[in-house]
Amino acid sequence: MPVDRKHAVRAAFLVMFFVCAAIAVWFFRSSGVGMNSGSRDGLSMDTLVSVLVHSRQTPNEINLMLDGAFELIDGFDKKLSMHDPSSDVSRVNASAGLAAVKVAPETFEALSSALRIAEVSGGAFDPSVGPISTLWRVGDRENPLTEIPKADEIEATLSLVGYNMVSTEAPDKIFLENSGMKLDLGGVAKGYVSGEVGDFLRANGVESAILDLGGNVLVVGGRPDGEAWRIGVQHPLKPRGEPICSVAIRDSSVITAGVYERFVEIGGKRYAHIFDPRAGRPVEGNLLSATVISDDPAVGDALSTAFMVMGIGSSKELAARLGVEAIFVYSGEDGGVEVTTTDGLEGRVVMIGNETRR
Amino acid sequence: MKLGDKILYAGLSIIFLISCAASIFFLRGSPNDGDKNGANFTLEIVSRGEIIKSFDMPDLSETESGSTIELREGGGFNILSIEDGAVRMVSSDCPGGDCLRMPPIWSDGRVIVCLPHKLVIRLRRDGNGEVDAVSY
């Protein structure tokens with residue numbers, strides 16, 4: 001056999017071999033052979049946390065990784081909580097108007113995300129909203145308000161709210177410029193933490209996982225069967241866990257802010273837990289929930305709150321500007337619940353039930 | 001080329017062909033897979049944009065394999081057959097008969113269209129909370 005023909009035959013077989021190998025690898029991966037899974041539910045950050053992981057690691061390794069994930073979440077909670085007096089946030093608040101406080105890099109990063117969204121939303125989201133929540137006695141079940149705060153009280157409180165009075169000095173110093181100011185990272189903390197946990201799982205080689213941090217859902221990769229994850233958006237009038245629609249995502253997060261979830265009741269009237277930081281009052285109007293789909297869950301968390309304040313029209317514009325997608329659930333003119341989404345979700349959202357999508 | 005080499009090359013060729021055939025088979029999927037979550041489907045018959053009939057696929061599958069649905073729309077007839085969870089157009093008097101050549105459908109959102117009779121046959125996954133998590 002001439003030499004070059006021999007080479008040609010060899011080359012042909014080499015190509016065949018690689019095609020075979022590629023097919024074998026593809027088949028192995030898509031079949032889920034060798035995949036293990038592990039899940040864990042627990043309480044952290046004052047909410048229910050559940051993590052489901054599919055990985056090629058051994059069940060024991062997956063267990064250790066889940067330990068690590070929960071330790072991570074608890075660690076973040078200790079830094080970002082408003083209730084824990086030793087947290088970074090509490091220490092910053094205690095030094096309001098007095099001195100800059102050195103915080104953990106994670107706290108600084110979470111605040112930076114919050115300030116960025118405060119800026120692009122024109123203050124519709126504001127991490128310095130603390131004094132307003134305190135005025136309306138959010139979370140104070142034993143001693144709720146009997147009537148809504150007076151206009152001059154609200155006015156006085158508003159002078160203590162403003163993201164431009166929060167100064168930061170990289171890499172780790174935060175200063176609230178006026179005494180009485182109060183940082184509240186509740187609108188960004190869960191999103192930020194879920195992003196960090198997602199990065200932790202990826203760094204540990206996880207290709208498929210789903211993390212639910214009190215309704216903030218983050219997914220790593222797609223489902224183990226190769227399909228996209230399908231994440232539901234809570235129906236505002238139905239029990240927890242019943243979705244109004246679902247969206248298909250990979251490597252992304254779905255975060256919802258809604259007026260149905262938590263509220264304060266004053267004189268028999270329900271007020272949403274979400275405040276317009278510029279008005280000092282709870283949001284009103286027909287918007288029931290805003291859901292943000294973003295690969296940066298800290299941004300998604302802060303934006304979902306901002307969207308509740310901004311309303312559908314300007315929210316869609318901002319979403320387009322920032323390159324995120326959003327789903328809005330609102331009460332329509334005939335009293336029914338309706339859904340509208342950003343254009344980019346065309347074909348990715350499936351309605352569940354009979355509600356109208358516009 | 002030695003005899004051993006020939007056998008080796010022949011063996012490799014056979015493995016190559018088999019794996020190509022296998023991957024084509026798996027890429028196409030099979031009707032019996034249905035949906036991987038075991039979701040239920042509704043078969044919808046749409047005429048001029050309106051759903052005129054719908055069938056639960058589990059009900060159809062429970063009947064004898066090879067059950068058929070006869071439709072009289074758009075001035076002609078179409079006959080669908082349901083076999084192992086897959087829907088196929090088996091007969092029609094439409095001009096051209098393009099619908100007869102469309103591949104069978106068995107998953108969410110797939111359609112068979114008969115343009116002359118203004119018919120769309122589509123499968124929809126039943127949306128009873130088939131989600132992996134709910135954001136609230």
# chains A, B, ... in the order shown; residues from 1 in each chain; ligands from 1

call {"tool": "select_by_dssp", "arguments": {"residues": "range 114-351 of chain A", "states": "strand (DSSP E)", "output": "PyMOL selection string"}}
result
chain A and resi 166-169+173-176+208-213+216-220+229-234+243-249+252-258+263-266+269-272+275-276+281-282+287-294+325-331+337-341+349-351

call {"tool": "residues_around", "arguments": {"residues": "Val90 in chain B", "least_positions_apart": "4", "cutoff": "9 Å", "atoms": "only C-alpha atoms", "output": "PyMOL selection string"}}
result
chain B and resi 68+78-81+99-101

call {"tool": "residues_around", "arguments": {"residues": "Met65 in chain A", "least_positions_apart": "2", "cutoff": "10 Å", "atoms": "only C-alpha atoms", "output": "NGL selection string"}}
result
:A and (38 or 53 or 57 or 59-63 or 67-71 or 200-201 or 204 or 206)

call {"tool": "write_last_selection", "arguments": {"atoms": "all heavy atoms", "output": "short mmCIF file (atom, residue, chain, number, x, y, z; two decimals), in the first residue's frame"}}
result
data_model
loop_
_atom_site.label_atom_id
_atom_site.label_comp_id
_atom_site.auth_asym_id
_atom_site.auth_seq_id
_atom_site.Cartn_x
_atom_site.Cartn_y
_atom_site.Cartn_z
N GLY A 38 -28.68 15.33 45.32
CA GLY A 38 -28.86 15.51 46.75
C GLY A 38 -29.65 16.78 46.97
O GLY A 38 -29.56 17.71 46.19
N VAL A 53 -29.27 19.53 44.07
CA VAL A 53 -28.05 19.48 43.27
C VAL A 53 -27.98 18.18 42.49
O VAL A 53 -28.26 17.11 43.04
CB VAL A 53 -26.81 19.60 44.21
CG1 VAL A 53 -25.55 19.17 43.51
CG2 VAL A 53 -26.68 21.01 44.74
N GLN A 57 -20.47 13.97 41.28
CA GLN A 57 -19.74 13.62 42.50
C GLN A 57 -20.44 12.50 43.26
O GLN A 57 -21.59 12.18 42.97
CB GLN A 57 -19.62 14.87 43.38
CG GLN A 57 -18.61 15.86 42.83
CD GLN A 57 -19.00 17.28 43.14
OE1 GLN A 57 -20.06 17.73 42.73
NE2 GLN A 57 -18.16 17.96 43.87
N PRO A 59 -22.34 10.67 46.42
CA PRO A 59 -23.35 11.20 47.34
C PRO A 59 -22.72 11.85 48.56
O PRO A 59 -23.23 12.85 49.07
CB PRO A 59 -24.14 9.95 47.73
CG PRO A 59 -23.99 9.03 46.56
CD PRO A 59 -22.61 9.28 46.01
N ASN A 60 -21.61 11.30 49.01
CA ASN A 60 -20.94 11.86 50.18
C ASN A 60 -20.39 13.26 49.88
O ASN A 60 -20.55 14.20 50.67
CB ASN A 60 -19.82 10.92 50.62
CG ASN A 60 -19.33 11.26 52.01
OD1 ASN A 60 -20.11 11.75 52.83
ND2 ASN A 60 -18.05 11.06 52.25
N GLU A 61 -19.78 13.39 48.71
CA GLU A 61 -19.25 14.70 48.32
C GLU A 61 -20.37 15.72 48.19
O GLU A 61 -20.23 16.89 48.57
CB GLU A 61 -18.48 14.59 46.99
CG GLU A 61 -17.11 13.96 47.12
CD GLU A 61 -16.50 13.60 45.78
OE1 GLU A 61 -17.25 13.33 44.81
OE2 GLU A 61 -15.26 13.59 45.69
N ILE A 62 -21.50 15.26 47.63
CA ILE A 62 -22.64 16.16 47.47
C ILE A 62 -23.15 16.62 48.83
O ILE A 62 -23.45 17.80 49.04
CB ILE A 62 -23.76 15.47 46.66
CG1 ILE A 62 -23.30 15.31 45.21
CG2 ILE A 62 -25.05 16.27 46.72
CD1 ILE A 62 -24.28 14.57 44.33
N ASN A 63 -23.17 15.69 49.78
CA ASN A 63 -23.58 16.03 51.14
C ASN A 63 -22.71 17.10 51.76
O ASN A 63 -23.20 18.07 52.35
CB ASN A 63 -23.52 14.78 52.02
CG ASN A 63 -24.89 14.42 52.53
OD1 ASN A 63 -25.71 15.30 52.77
ND2 ASN A 63 -25.15 13.13 52.67
N ASP A 67 -23.62 20.90 52.98
CA ASP A 67 -23.20 21.49 54.26
C ASP A 67 -22.59 22.86 54.02
O ASP A 67 -22.94 23.85 54.66
CB ASP A 67 -22.13 20.61 54.95
CG ASP A 67 -22.71 19.33 55.51
OD1 ASP A 67 -23.94 19.26 55.65
OD2 ASP A 67 -21.92 18.42 55.82
N GLY A 68 -21.66 22.87 53.05
CA GLY A 68 -20.95 24.11 52.73
C GLY A 68 -21.89 25.21 52.30
O GLY A 68 -21.75 26.37 52.71
N ALA A 69 -22.87 24.86 51.48
CA ALA A 69 -23.81 25.85 50.98
C ALA A 69 -24.60 26.49 52.12
O ALA A 69 -24.77 27.71 52.19
CB ALA A 69 -24.76 25.21 49.97
N PHE A 70 -25.06 25.64 53.05
CA PHE A 70 -25.85 26.19 54.17
C PHE A 70 -24.98 27.02 55.12
O PHE A 70 -25.44 28.03 55.67
CB PHE A 70 -26.60 25.08 54.91
CG PHE A 70 -27.94 24.81 54.31
CD1 PHE A 70 -28.05 24.00 53.19
CD2 PHE A 70 -29.08 25.41 54.81
CE1 PHE A 70 -29.29 23.77 52.60
CE2 PHE A 70 -30.32 25.19 54.22
CZ PHE A 70 -30.42 24.38 53.12
N GLU A 71 -23.72 26.58 55.32
CA GLU A 71 -22.82 27.39 56.15
C GLU A 71 -22.62 28.76 55.52
O GLU A 71 -22.60 29.79 56.20
CB GLU A 71 -21.46 26.69 56.30
CG GLU A 71 -21.43 25.68 57.42
CD GLU A 71 -20.18 24.81 57.35
OE1 GLU A 71 -19.12 25.30 56.89
OE2 GLU A 71 -20.27 23.62 57.73
N PHE A 200 -20.68 29.22 44.33
CA PHE A 200 -20.04 28.18 45.15
C PHE A 200 -20.31 26.79 44.55
O PHE A 200 -19.40 25.97 44.43
CB PHE A 200 -20.59 28.27 46.58
CG PHE A 200 -20.27 27.10 47.46
CD1 PHE A 200 -19.02 26.97 48.06
CD2 PHE A 200 -21.22 26.12 47.70
CE1 PHE A 200 -18.74 25.89 48.88
CE2 PHE A 200 -20.94 25.04 48.52
CZ PHE A 200 -19.69 24.92 49.11
N LEU A 201 -21.55 26.54 44.14
CA LEU A 201 -21.90 25.24 43.57
C LEU A 201 -21.16 25.03 42.24
O LEU A 201 -20.62 23.96 41.97
CB LEU A 201 -23.41 25.12 43.36
CG LEU A 201 -24.26 25.15 44.64
CD1 LEU A 201 -25.74 25.13 44.29
CD2 LEU A 201 -23.91 23.98 45.55
N ASN A 204 -17.67 24.14 42.63
CA ASN A 204 -17.52 22.75 43.07
C ASN A 204 -17.89 21.75 41.97
O ASN A 204 -18.09 20.57 42.25
CB ASN A 204 -18.35 22.50 44.32
CG ASN A 204 -17.63 22.96 45.57
OD1 ASN A 204 -16.77 22.25 46.08
ND2 ASN A 204 -17.94 24.15 46.03
N VAL A 206 -20.64 21.61 40.03
CA VAL A 206 -22.05 21.27 39.82
C VAL A 206 -22.52 21.83 38.48
O VAL A 206 -22.28 23.00 38.18
CB VAL A 206 -22.92 21.83 40.96
CG1 VAL A 206 -24.39 21.66 40.65
CG2 VAL A 206 -22.57 21.12 42.26
#

call {"tool": "interface_residues", "arguments": {"of": "chain A", "to": "chain B", "cutoff": "8 Å", "atoms": "only C-alpha atoms", "output": "PyMOL selection string"}}
result
chain A and resi 1+13+16-17+19-20+23-24+27+212+214-217+225+229-234+240-243+246+254-258+261+350-353

call {"tool": "residues_around", "arguments": {"residues": "Leu318 in chain A", "least_positions_apart": "4", "cutoff": "12 Å", "atoms": "only C-alpha atoms", "output": "PyMOL selection string"}}
result
chain A and resi 117+119-122+124+292+303-304+306-307+310-314+322-326+342

call {"tool": "atom_distance", "arguments": {"atom1": "CA of Ile45 in chain B", "atom2": "CA of Asp84 in chain B"}}
result
18.9 Å

call {"tool": "residues_around", "arguments": {"residues": "Ile121 in chain B", "least_positions_apart": "2", "cutoff": "12 Å", "atoms": "only C-alpha atoms", "output": "count of residues only"}}
result
42

call {"tool": "select_by_dssp", "arguments": {"residues": "range 64-119 of chain B", "states": "alpha helix (DSSP H)", "output": "list in words"}}
result
Asp98, Cys99, Leu100 and Arg101 of chain B

call {"tool": "decode", "arguments": {"residues": "range 125-140 of chain A", "atoms": "all heavy atoms", "output": "short mmCIF file (atom, residue, chain, number, x, y, z; two decimals), in the first residue's frame"}}
result
data_model
loop_
_atom_site.label_atom_id
_atom_site.label_comp_id
_atom_site.auth_asym_id
_atom_site.auth_seq_id
_atom_site.Cartn_x
_atom_site.Cartn_y
_atom_site.Cartn_z
N PHE A 125 -35.90 52.06 44.12
CA PHE A 125 -35.36 51.13 45.11
C PHE A 125 -34.30 51.90 45.87
O PHE A 125 -33.53 52.63 45.26
CB PHE A 125 -34.76 49.89 44.43
CG PHE A 125 -33.99 49.03 45.39
CD1 PHE A 125 -34.64 48.14 46.22
CD2 PHE A 125 -32.61 49.13 45.48
CE1 PHE A 125 -33.94 47.37 47.14
CE2 PHE A 125 -31.90 48.35 46.38
CZ PHE A 125 -32.56 47.47 47.21
N ASP A 126 -34.27 51.74 47.19
CA ASP A 126 -33.29 52.47 47.98
C ASP A 126 -32.90 51.66 49.21
O ASP A 126 -33.75 51.35 50.05
CB ASP A 126 -33.88 53.83 48.39
CG ASP A 126 -32.80 54.79 48.86
OD1 ASP A 126 -31.85 54.33 49.54
OD2 ASP A 126 -32.91 55.99 48.55
N PRO A 127 -31.61 51.29 49.33
CA PRO A 127 -31.19 50.49 50.49
C PRO A 127 -31.21 51.28 51.79
O PRO A 127 -31.06 50.70 52.85
CB PRO A 127 -29.75 50.08 50.12
CG PRO A 127 -29.29 51.12 49.16
CD PRO A 127 -30.50 51.55 48.40
N SER A 128 -31.44 52.60 51.72
CA SER A 128 -31.51 53.38 52.96
C SER A 128 -32.96 53.61 53.39
O SER A 128 -33.26 54.55 54.11
CB SER A 128 -30.78 54.72 52.78
OG SER A 128 -31.49 55.56 51.89
N VAL A 129 -33.86 52.72 52.92
CA VAL A 129 -35.30 52.88 53.18
C VAL A 129 -35.68 52.58 54.64
O VAL A 129 -36.81 52.82 55.06
CB VAL A 129 -36.11 51.97 52.21
CG1 VAL A 129 -36.00 50.49 52.62
CG2 VAL A 129 -37.56 52.40 52.09
N GLY A 130 -34.70 52.07 55.43
CA GLY A 130 -34.94 51.64 56.81
C GLY A 130 -35.87 52.50 57.66
O GLY A 130 -36.82 51.98 58.26
N PRO A 131 -35.63 53.83 57.75
CA PRO A 131 -36.48 54.66 58.61
C PRO A 131 -37.96 54.61 58.22
O PRO A 131 -38.83 54.72 59.10
CB PRO A 131 -35.92 56.07 58.40
CG PRO A 131 -34.49 55.85 58.03
CD PRO A 131 -34.49 54.60 57.21
N ILE A 132 -38.24 54.42 56.94
CA ILE A 132 -39.65 54.35 56.50
C ILE A 132 -40.30 53.06 57.01
O ILE A 132 -41.41 53.09 57.55
CB ILE A 132 -39.76 54.45 54.96
CG1 ILE A 132 -39.24 55.81 54.51
CG2 ILE A 132 -41.20 54.25 54.52
CD1 ILE A 132 -39.18 55.97 53.01
N SER A 133 -39.60 51.94 56.85
CA SER A 133 -40.16 50.66 57.35
C SER A 133 -40.38 50.76 58.86
O SER A 133 -41.35 50.22 59.39
CB SER A 133 -39.22 49.49 57.05
OG SER A 133 -38.48 49.70 55.89
N THR A 134 -39.45 51.41 59.56
CA THR A 134 -39.60 51.56 61.00
C THR A 134 -40.82 52.42 61.34
O THR A 134 -41.60 52.08 62.23
CB THR A 134 -38.34 52.21 61.61
OG1 THR A 134 -37.19 51.48 61.17
CG2 THR A 134 -38.39 52.20 63.12
N LEU A 135 -41.01 53.51 60.59
CA LEU A 135 -42.15 54.39 60.82
C LEU A 135 -43.47 53.64 60.66
O LEU A 135 -44.42 53.83 61.43
CB LEU A 135 -42.11 55.57 59.84
CG LEU A 135 -43.28 56.56 59.90
CD1 LEU A 135 -43.26 57.34 61.21
CD2 LEU A 135 -43.26 57.52 58.71
N TRP A 136 -43.52 52.77 59.67
CA TRP A 136 -44.76 52.00 59.43
C TRP A 136 -44.79 50.72 60.24
O TRP A 136 -45.68 49.89 60.08
CB TRP A 136 -44.89 51.69 57.93
CG TRP A 136 -45.24 52.91 57.12
CD1 TRP A 136 -44.38 53.90 56.73
CD2 TRP A 136 -46.53 53.27 56.60
NE1 TRP A 136 -45.04 54.86 56.02
CE2 TRP A 136 -46.38 54.50 55.91
CE3 TRP A 136 -47.80 52.69 56.66
CZ2 TRP A 136 -47.43 55.14 55.29
CZ3 TRP A 136 -48.85 53.32 56.03
CH2 TRP A 136 -48.67 54.55 55.36
N ARG A 137 -43.80 50.58 61.10
CA ARG A 137 -43.68 49.42 62.02
C ARG A 137 -43.82 48.08 61.31
O ARG A 137 -44.58 47.20 61.73
CB ARG A 137 -44.72 49.53 63.14
CG ARG A 137 -44.42 50.73 64.02
CD ARG A 137 -45.17 50.67 65.31
NE ARG A 137 -45.32 52.03 65.85
CZ ARG A 137 -46.26 52.40 66.70
NH1 ARG A 137 -47.16 51.53 67.11
NH2 ARG A 137 -46.33 53.63 67.14
N VAL A 138 -43.05 47.95 60.24
CA VAL A 138 -43.01 46.68 59.51
C VAL A 138 -42.42 45.60 60.40
O VAL A 138 -41.38 45.80 61.02
CB VAL A 138 -42.18 46.82 58.22
CG1 VAL A 138 -41.91 45.47 57.60
CG2 VAL A 138 -42.89 47.73 57.25
N GLY A 139 -43.09 44.47 60.48
CA GLY A 139 -42.58 43.35 61.24
C GLY A 139 -42.84 43.45 62.73
O GLY A 139 -42.46 42.57 63.49
N ASP A 140 -43.49 44.52 63.16
CA ASP A 140 -43.79 44.69 64.59
C ASP A 140 -45.21 44.19 64.85
O ASP A 140 -46.17 44.95 64.83
CB ASP A 140 -43.64 46.17 64.98
CG ASP A 140 -43.68 46.36 66.49
OD1 ASP A 140 -44.03 45.39 67.20
OD2 ASP A 140 -43.35 47.46 66.95
#
